[in-house]
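This report concerns only the one structure given below.
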Amino acid sequence: MTTGPIPQPRPATRDDVDAVAALERACFDDPWSADSIAAELAATGRIVRVAAAPDGLLGWSSTSVVAETADLLRVAVDPSTRGRGLGRLLVDDVLHRATESGAERVLLEVAEPNTAARGLYAATGFREIHRRRRYYADGADALVLERVLP
Ligand SMILES: CC(C)(COP(=O)(O)OP(=O)(O)OC[C@H]1O[C@@H](n2cnc3c(N)ncnc32)[C@H](O)[C@@H]1OP(=O)(O)O)[C@@H](O)C(=O)NCCC(=O)NCCS
């Protein structure tokens with residue numbers, strides 16, 4: 001799973017839910033459940049995307065769009081595939097889809113110690129607009145980042 005071509009993101013379907021839940025468990029201490037992921041798919045105003053290789057799901061993103069503001073709720077890449085550009089591909093894909101949906105900006109929250117995610121967001125044009133002190137259970141601050149869409 002680590003050496004094949006990086007797959008292009010596509011819309012997620014119900015058939016992807018279990019694989020996304022497995023990816024969540026591989027990527028987060030607080031993974032979203034299959035039920036939560038299915039609810040994302042069913043919700044209005046959601047952009048849910050997956051990057052699937054022939055032998056498995058390598059990444060996903062979920063974004064909420066309400067009027068002019070999109071919220072990037074989740075982006076994750078399988079640990080076997082990190083550092084090869086898929087995270088950037090997923091975020092760029094979100095920026096395009098959010099623009100198509102009429103959004104004018106994308107917001108997200110990231111834990112200050114999450115250096116990989118902060119590097120990814122800096123590389124895709126996000127800037128810090130706010131800090132939520134001790135926002136997470138472990139005491140870490142949350143940084144609120146914004147990307148203005150063209
Ligand atoms: C954050 C994450 C999605 C990055 O995915 P990725 O596929 O490894 O990222 P990419 O290979 O596309 O890297 C894009 C840019 O991000 C930055 N970056 C990626 N990993 C980094 C790291 N470990 N440290 C610093 N910057 C990093 C770099 O600027 C990189 O650009 P470069 O390769 O030109 O230097 C991945 O580490 C992940 O799934 N982490 C766990 C889940 C998570 O924390 N999600 C975000 C919070 S919801």
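Ligands are numbered from 1 in the order shown, chains are lettered A, B, ... in the order of the structure tokens, and residues start at 1 in each chain.
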
Near Thr81 in chain A, within 10 Å and counting only C-alpha atoms, which residues show up once chain neighbours fewer than 4 positions away are dropped, as a list in words?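 Within the cut-off, the hits are Met1, Thr2, Thr3, Gly4, Ile6, Leu58, Gly59, Val77, Gly85, Leu86 and Gly87 of chain A.
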
Could you give me, as an mmCIF file with C-alpha atoms, in the first residue's frame, every polymer residue with an atom at most 9 Å away from an atom of ligand 1, counting only C-alpha atoms and all ligand atoms?
data_model
loop_
_atom_site.group_PDB
_atom_site.id
_atom_site.type_symbol
_atom_site.label_atom_id
_atom_site.label_comp_id
_atom_site.auth_asym_id
_atom_site.auth_seq_id
_atom_site.Cartn_x
_atom_site.Cartn_y
_atom_site.Cartn_z
ATOM 1 C CA GLU A 24 -9.985 6.792 11.536
ATOM 2 C CA ALA A 26 -5.407 4.100 12.466
ATOM 3 C CA CYS A 27 -5.089 7.904 12.511
ATOM 4 C CA PHE A 28 -6.736 9.318 15.655
ATOM 5 C CA GLY A 59 -7.157 8.955 2.861
ATOM 6 C CA TRP A 60 -10.356 10.871 3.448
ATOM 7 C CA SER A 61 -11.737 14.312 4.197
ATOM 8 C CA LEU A 72 -12.779 21.320 7.248
ATOM 9 C CA LEU A 73 -13.774 18.844 9.945
ATOM 10 C CA ARG A 74 -11.442 15.965 9.225
ATOM 11 C CA VAL A 75 -8.560 15.045 6.963
ATOM 12 C CA ALA A 76 -6.441 11.939 7.415
ATOM 13 C CA VAL A 77 -3.922 9.852 5.497
ATOM 14 C CA ASP A 78 -3.059 6.256 6.294
ATOM 15 C CA PRO A 79 0.256 6.095 8.203
ATOM 16 C CA THR A 81 1.255 6.586 2.857
ATOM 17 C CA ARG A 82 2.241 9.801 4.644
ATOM 18 C CA GLY A 83 4.811 12.174 3.217
ATOM 19 C CA ARG A 84 3.911 11.412 -0.409
ATOM 20 C CA GLY A 85 1.578 14.328 -1.145
ATOM 21 C CA LEU A 86 -1.822 12.767 -0.457
ATOM 22 C CA GLY A 87 -2.619 15.133 2.411
ATOM 23 C CA ARG A 88 -1.924 18.106 0.174
ATOM 24 C CA LEU A 89 -4.017 16.530 -2.602
ATOM 25 C CA LEU A 90 -6.948 16.042 -0.205
ATOM 26 C CA VAL A 91 -6.787 19.622 1.105
ATOM 27 C CA LEU A 108 -10.500 24.527 10.703
ATOM 28 C CA GLU A 109 -9.164 23.791 14.167
ATOM 29 C CA VAL A 110 -5.846 22.093 14.752
ATOM 30 C CA ALA A 111 -4.088 21.125 17.965
ATOM 31 C CA ASN A 114 0.109 18.554 15.631
ATOM 32 C CA THR A 115 3.123 19.634 13.610
ATOM 33 C CA ALA A 116 2.340 17.474 10.541
ATOM 34 C CA ALA A 117 -1.153 18.912 10.164
ATOM 35 C CA ARG A 118 0.059 22.460 10.845
ATOM 36 C CA GLY A 119 2.739 22.013 8.168
ATOM 37 C CA LEU A 120 0.133 20.735 5.723
ATOM 38 C CA TYR A 121 -2.211 23.652 6.399
ATOM 39 C CA ALA A 122 0.589 26.217 6.114
ATOM 40 C CA ALA A 123 1.584 24.639 2.788
ATOM 41 C CA THR A 124 -1.992 24.990 1.507
#

Near range 64-67 of chain A, counting only C-alpha atoms, which residues have an atom at most 6 Å away, once you skip same-chain residues fewer than 4 positions from it, shown as an NGL selection string? :A and (45-46 or 71)

Give me, as an MDAnalysis selection string, all polymer residues having an atom no more than 10 Å from Ile37 in chain A, counting only C-alpha atoms and skipping those fewer than 2 positions away in the same chain. chainID A and resid 14 16:18 20:21 24 32:35 39:43 48 62

Export, as a PDB file, in the first residue's frame, the selected residues with C-alpha atoms.
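Contents of the output file out_11.pdb:
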ATOM      1  CA  ARG A  14     -22.045   4.229   1.910  1.00  0.00           C
ATOM      2  CA  ASP A  16     -16.769   3.323   2.040  1.00  0.00           C
ATOM      3  CA  VAL A  17     -18.022   3.763   5.609  1.00  0.00           C
ATOM      4  CA  ASP A  18     -16.332   0.729   7.194  1.00  0.00           C
ATOM      5  CA  VAL A  20     -13.161   5.100   6.596  1.00  0.00           C
ATOM      6  CA  ALA A  21     -13.859   3.955  10.172  1.00  0.00           C
ATOM      7  CA  GLU A  24      -9.985   6.792  11.536  1.00  0.00           C
ATOM      8  CA  TRP A  32     -15.109   8.788  14.468  1.00  0.00           C
ATOM      9  CA  SER A  33     -17.345   5.732  14.560  1.00  0.00           C
ATOM     10  CA  ALA A  34     -18.918   4.130  11.490  1.00  0.00           C
ATOM     11  CA  ASP A  35     -22.253   5.619  12.608  1.00  0.00           C
ATOM     12  CA  ALA A  39     -24.217  10.500   9.456  1.00  0.00           C
ATOM     13  CA  GLU A  40     -21.682  12.777   7.756  1.00  0.00           C
ATOM     14  CA  LEU A  41     -22.532  11.192   4.422  1.00  0.00           C
ATOM     15  CA  ALA A  42     -26.250  11.676   5.001  1.00  0.00           C
ATOM     16  CA  ALA A  43     -26.011  15.281   6.230  1.00  0.00           C
ATOM     17  CA  VAL A  48     -17.063  13.833   1.986  1.00  0.00           C
ATOM     18  CA  SER A  62     -15.018  15.683   5.512  1.00  0.00           C
TER      19      SER A  62
END

May I ask for the distance between CA of Leu143 in chain A and CA of Ala70 in chain A, given in Å to one decimal place?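 Interatomic distance here is 16.3 Å.
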
Separation of CA of Ser101 in chain A from CA of Ala53 in chain A, in Å and rounded to one decimal: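 Here the two named atoms are 26.5 Å from each other.
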
What parts of range 17-147 of chain A does DSSP call helix (DSSP H, G or I)? I'd like the answer as a PyMOL selection string. chain A and resi 17-27+34-42+79-81+86-100+115-123

So that I can see what lies close to Asp138 in chain A, please list as a compact mmCIF listing (two decimals) with N, CA and C atoms, in the first residue's frame the residues with an atom at most 12 Å from it, counting only C-alpha atoms and leaving out residues fewer than 2 positions away in the same chain.
# COMPACT_ATOMS: atom_id res chain seq x y z
N ASP A 29 -6.62 9.28 18.08
CA ASP A 29 -6.92 8.75 19.41
C ASP A 29 -8.42 8.79 19.69
N ALA A 111 -4.79 21.10 16.68
CA ALA A 111 -4.09 21.12 17.97
C ALA A 111 -2.68 21.68 17.75
N GLU A 112 -2.27 22.59 18.63
CA GLU A 112 -0.96 23.23 18.44
C GLU A 112 0.18 22.20 18.30
N PRO A 113 0.18 21.09 19.05
CA PRO A 113 1.31 20.15 18.91
C PRO A 113 1.28 19.31 17.63
N ARG A 133 -7.47 28.52 24.05
CA ARG A 133 -6.53 27.99 25.05
C ARG A 133 -7.10 26.76 25.75
N ARG A 134 -6.22 25.75 25.91
CA ARG A 134 -6.54 24.50 26.61
C ARG A 134 -7.87 23.91 26.10
N TYR A 135 -8.02 23.93 24.81
CA TYR A 135 -9.27 23.49 24.17
C TYR A 135 -9.43 21.97 24.21
N TYR A 136 -8.31 21.27 24.12
CA TYR A 136 -8.38 19.81 24.04
C TYR A 136 -8.23 19.18 25.43
N ALA A 140 -3.91 20.86 25.37
CA ALA A 140 -3.33 21.57 24.22
C ALA A 140 -4.26 22.68 23.76
N ASP A 141 -3.65 23.75 23.25
CA ASP A 141 -4.43 24.82 22.62
C ASP A 141 -4.90 24.37 21.24
N ALA A 142 -6.06 24.89 20.82
CA ALA A 142 -6.50 24.75 19.44
C ALA A 142 -6.19 26.05 18.71
